[in-house]
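Working notes, structure below.
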Amino acid sequence: MQEDFLHYIWQHKKFDASNLKTTNAETVSIVSVGQHNRNSGPDFFNAQLKIDNQLWAGNVEIHIKSSDWFLHNHEQDKAYDNVILHVVWEHDTNIYRKTNTAIPTLELKAYTFKSALKNYRQLFSKTNKWINCENDFKSVDDFIIQNWLERLYFERLERKSEDINQLLKTSKNDWEAVLFKMLAKNFGLKVNADAFLSMANTVDFSMVRKLQNNQTSLEALFFGQADLLIGDVEDAYFQNLAKEYQFLKQKFTLNNQNITPVQFFRLRPPNFPTVRLSQLASLYHKEQNLFSKLNNINNIEDFYMLFSVQTSAFWESHYTFDKVSKTSKKQLTKAFIDLLMINTIIPIKFAYAKYRGKQVEADIVKLMRHISSEKNSVIEKFNALKKVSTSALQSQALLQLKNEYCTKNKCLQCAIGNTLLNK
């Protein structure tokens, strides 16, 4: 039995309220169950109850056992002085306020509907299930699922906004600098995300602005700060970058001693850090005021055009500095741009709109529905239960659902879980 379930029972009146009595045989009539409080303090605020025909207005506290009141030291906390009813599953002791006055107690076990208990036990029965509702997920109406997923997607965006706001503080409120750091991180993909971000954190964005007209200088800056211009490589391109980097290092007093090393291991050659850093340099060489441009477009095809960049010429025949490969254009693919949209562009557009007090939810939903669903084990398992993810909005929402609700057993705070409990 979870305390959250008792909250659910009380909030949704999943009990026979026609003949309620306290443990001292006082009659209880519910005018209002109150407002559910998910923060510290009593569980329900502003409830209205008639106890022995006396109308009371105040708060309701809920516990599994009455003795939990003392376990949590509520008798010493003035925040609980206005509790008018203690709702418990099992009454095992009388409880008192800080003023030593008794608080009426309602033992809910005797009044709860059997159907609610049955659905609860079925949902939380442990039989090595991937998620609690996997046996019933397909029975939930599509409208309920899709509406919940849209809410979950924006919940995920809100969390990402917090990270962006932290970057904004460390970037002197420069949104272009925040975008650069986020793009650098996501150009590194999962393997080199931390390494690329640590490189970007060593570079004041004013340097990027000053060097944007010279792609070689940008590459020298990025490769050098990523500690990739080391060793003896007898190639004119490498030596030119190394020479340029030494000049920039002295000019800008650069330091890269504490960066996270980049990795090549277990990466497909097109995702090598050398290739991705060259593409990042090409993007900033091609586009001035990138952040402003991103905020002025909302058509997915315009984003694909904006990010249509490729490496410098050297990398068309190389993946590393010291080995020639088959010649090929190494342009950002649509799939890679989709990842940038999901993990960088749309989150930063959302965060910036919030910063300015603007509403962009409709535009964001439209964009995300034009981006294909991500492919990973979580999305595959949900789709195996029921085909629910056809766009990036849904796949991102399903990740939020799995990580923040399913894994944490927060079924009672989930629209899908609530639907199954209300069967």
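All residue names refer to the structure tokens as shown: chains lettered A, B, ... in order, residues numbered from 1 in each chain, ligands numbered from 1 in order.
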Within 8 Å of region 407-412 of chain A using only C-alpha atoms, minus same-chain residues under 4 positions, as a PDB file with C-alpha atoms, in the first residue's frame:
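File produced: part_37.pdb:
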ATOM      1  CA  ASP A   4      -0.041   8.077  -2.876  1.00  0.00           C
ATOM      2  CA  PHE A   5      -2.863   5.583  -3.369  1.00  0.00           C
ATOM      3  CA  TYR A   8      -5.856   9.103  -4.962  1.00  0.00           C
ATOM      4  CA  ILE A 131       6.226  -1.363 -16.768  1.00  0.00           C
ATOM      5  CA  ASN A 132       3.356  -1.832 -14.324  1.00  0.00           C
ATOM      6  CA  LYS A 402       9.356   5.754 -18.778  1.00  0.00           C
ATOM      7  CA  ASN A 403      12.053   7.625 -16.846  1.00  0.00           C
ATOM      8  CA  ILE A 416      -2.699   6.170 -18.129  1.00  0.00           C
ATOM      9  CA  GLY A 417      -2.422   4.755 -14.619  1.00  0.00           C
ATOM     10  CA  ASN A 418      -5.448   6.783 -13.489  1.00  0.00           C
TER      11      ASN A 418
END
Selection near Ala392 (chain A), 6 Å with only C-alpha atoms, sequence-local residues under 6 positions removed, as an mmCIF file with N, CA and C atoms, in the first residue's frame:
data_model
loop_
_atom_site.group_PDB
_atom_site.id
_atom_site.type_symbol
_atom_site.label_atom_id
_atom_site.label_comp_id
_atom_site.auth_asym_id
_atom_site.auth_seq_id
_atom_site.Cartn_x
_atom_site.Cartn_y
_atom_site.Cartn_z
ATOM 1 N N MET A 368 7.640 19.311 -34.072
ATOM 2 C CA MET A 368 7.964 17.982 -33.558
ATOM 3 C C MET A 368 7.170 16.887 -34.255
ATOM 4 N N ILE A 371 8.969 15.656 -37.370
ATOM 5 C CA ILE A 371 10.234 14.941 -37.194
ATOM 6 C C ILE A 371 9.930 13.489 -36.842
ATOM 7 N N SER A 372 10.614 12.589 -37.488
ATOM 8 C CA SER A 372 10.345 11.160 -37.296
ATOM 9 C C SER A 372 10.612 10.726 -35.860
ATOM 10 N N SER A 373 9.892 9.711 -35.430
ATOM 11 C CA SER A 373 10.085 9.141 -34.099
ATOM 12 C C SER A 373 11.499 8.608 -33.961
ATOM 13 N N GLU A 374 12.070 8.804 -32.789
ATOM 14 C CA GLU A 374 13.388 8.234 -32.510
ATOM 15 C C GLU A 374 13.278 6.715 -32.412
#
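Atom to atom, CA of Asp338 (chain A) and CA of Arg151 (chain A) stand 21.1 Å apart.
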Need the shell around region 104-116 of chain A: protein/DNA/RNA residues with any atom at most 10 Å away, counting only C-alpha atoms. Skip same-chain ones fewer than 6 positions apart. Format as a PyMOL selection string? chain A and resi 5-6+8-10+13-28+51+61-66+83-96+122+420-423
Picked from region 23-234 of chain A by DSSP as helix (DSSP H, G or I), as a ChimeraX atom specification = /A:68-71,74-76,78-80,108-110,114-123,137-139,142-170,175-187,189-201,205-211,215-225
Give the strand (DSSP E) residues of region 303-355 of chain A, as DSSP finds them on the backbone, and put them as a short mmCIF file (atom, residue, chain, number, x, y, z; two decimals) with N, CA, C and O atoms, in the first residue's frame.
data_model
loop_
_atom_site.label_atom_id
_atom_site.label_comp_id
_atom_site.auth_asym_id
_atom_site.auth_seq_id
_atom_site.Cartn_x
_atom_site.Cartn_y
_atom_site.Cartn_z
N HIS A 318 39.43 12.09 -45.64
CA HIS A 318 40.03 11.67 -44.37
C HIS A 318 38.94 11.52 -43.29
O HIS A 318 37.91 12.19 -43.34
N TYR A 319 39.22 10.65 -42.34
CA TYR A 319 38.46 10.60 -41.09
C TYR A 319 39.36 10.95 -39.90
O TYR A 319 38.89 11.39 -38.86
N THR A 320 40.67 10.73 -40.11
CA THR A 320 41.67 11.13 -39.13
C THR A 320 42.76 11.89 -39.87
O THR A 320 42.84 11.86 -41.11
N LYS A 323 45.48 9.37 -42.01
CA LYS A 323 45.12 8.27 -42.89
C LYS A 323 44.12 8.72 -43.95
O LYS A 323 43.07 9.26 -43.64
N VAL A 324 44.46 8.45 -45.22
CA VAL A 324 43.59 8.81 -46.34
C VAL A 324 42.48 7.76 -46.46
O VAL A 324 42.71 6.57 -46.27
#
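Take CA of Ser312 (chain A) and CA of Asp194 (chain A): the distance between them is 23.9 Å.
The protein and nucleic acid residues lying at most 12 Å from Phe265 (chain A) are Val191, Asn192, Asn271, Phe272 and Pro273 of chain A, with only C-alpha atoms considered and sequence neighbours fewer than 5 positions away removed.
Distance check against Lys190 (chain A) using only C-alpha atoms: of A:Asn173, A:Gln257, A:Gln279, A:Asn343, the minimum falls on A:Asn343.
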For this session: For Leu280 (chain A), please output as a count of residues only all residues within 9 Å (counting only C-alpha atoms; exclusion window: fewer than 6 positions along the same chain).
Result: 9
- Skipping near chain neighbours, those fewer than 4 positions away, what residues fall within 12 Å of Ser161 (chain A) using only C-alpha atoms, listed as a PyMOL selection string? chain A and resi 154-157+165-168+178+182+343-355
Separating CA of Ala397 (chain A) from CA of Leu340 (chain A), to the nearest tenth of an Å, is a gap of 16.8 Å
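Candidate residues A:Asp235, A:Leu71, A:Lys126, A:Leu277 were compared for distance to Met199 (chain A), and the nearest is A:Leu277, using only C-alpha atoms.
Using only C-alpha atoms, the shortest contact distance between Ile364 (chain A) and any of A:Leu228, A:Val203, A:Ile342, A:Cys406 is found at A:Ile342.
With only C-alpha atoms as the atoms that count, the minimum distance from Asn100 (chain A) to the choices A:Asp302, A:Leu393, A:Ser198, A:Glu75 is reached by A:Glu75.
Counting only C-alpha atoms and comparing A:Gly188, A:Gly34, A:Gly41, A:Pro261, the residue that lies closest to Ala57 (chain A) is A:Gly34.
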Subject >> Polymer residues at most 9 Å from Asn59 (chain A), only C-alpha atoms, same-chain spacing of 5 or more positions, as a list in words >> reply: Gly34, Gln35, Pro42, Asp43, Phe44, Phe45, Asn46, Ala47, Gln48, Tyr80, Asp81, Asn82, Val83, Ile84 and Leu85 of chain A
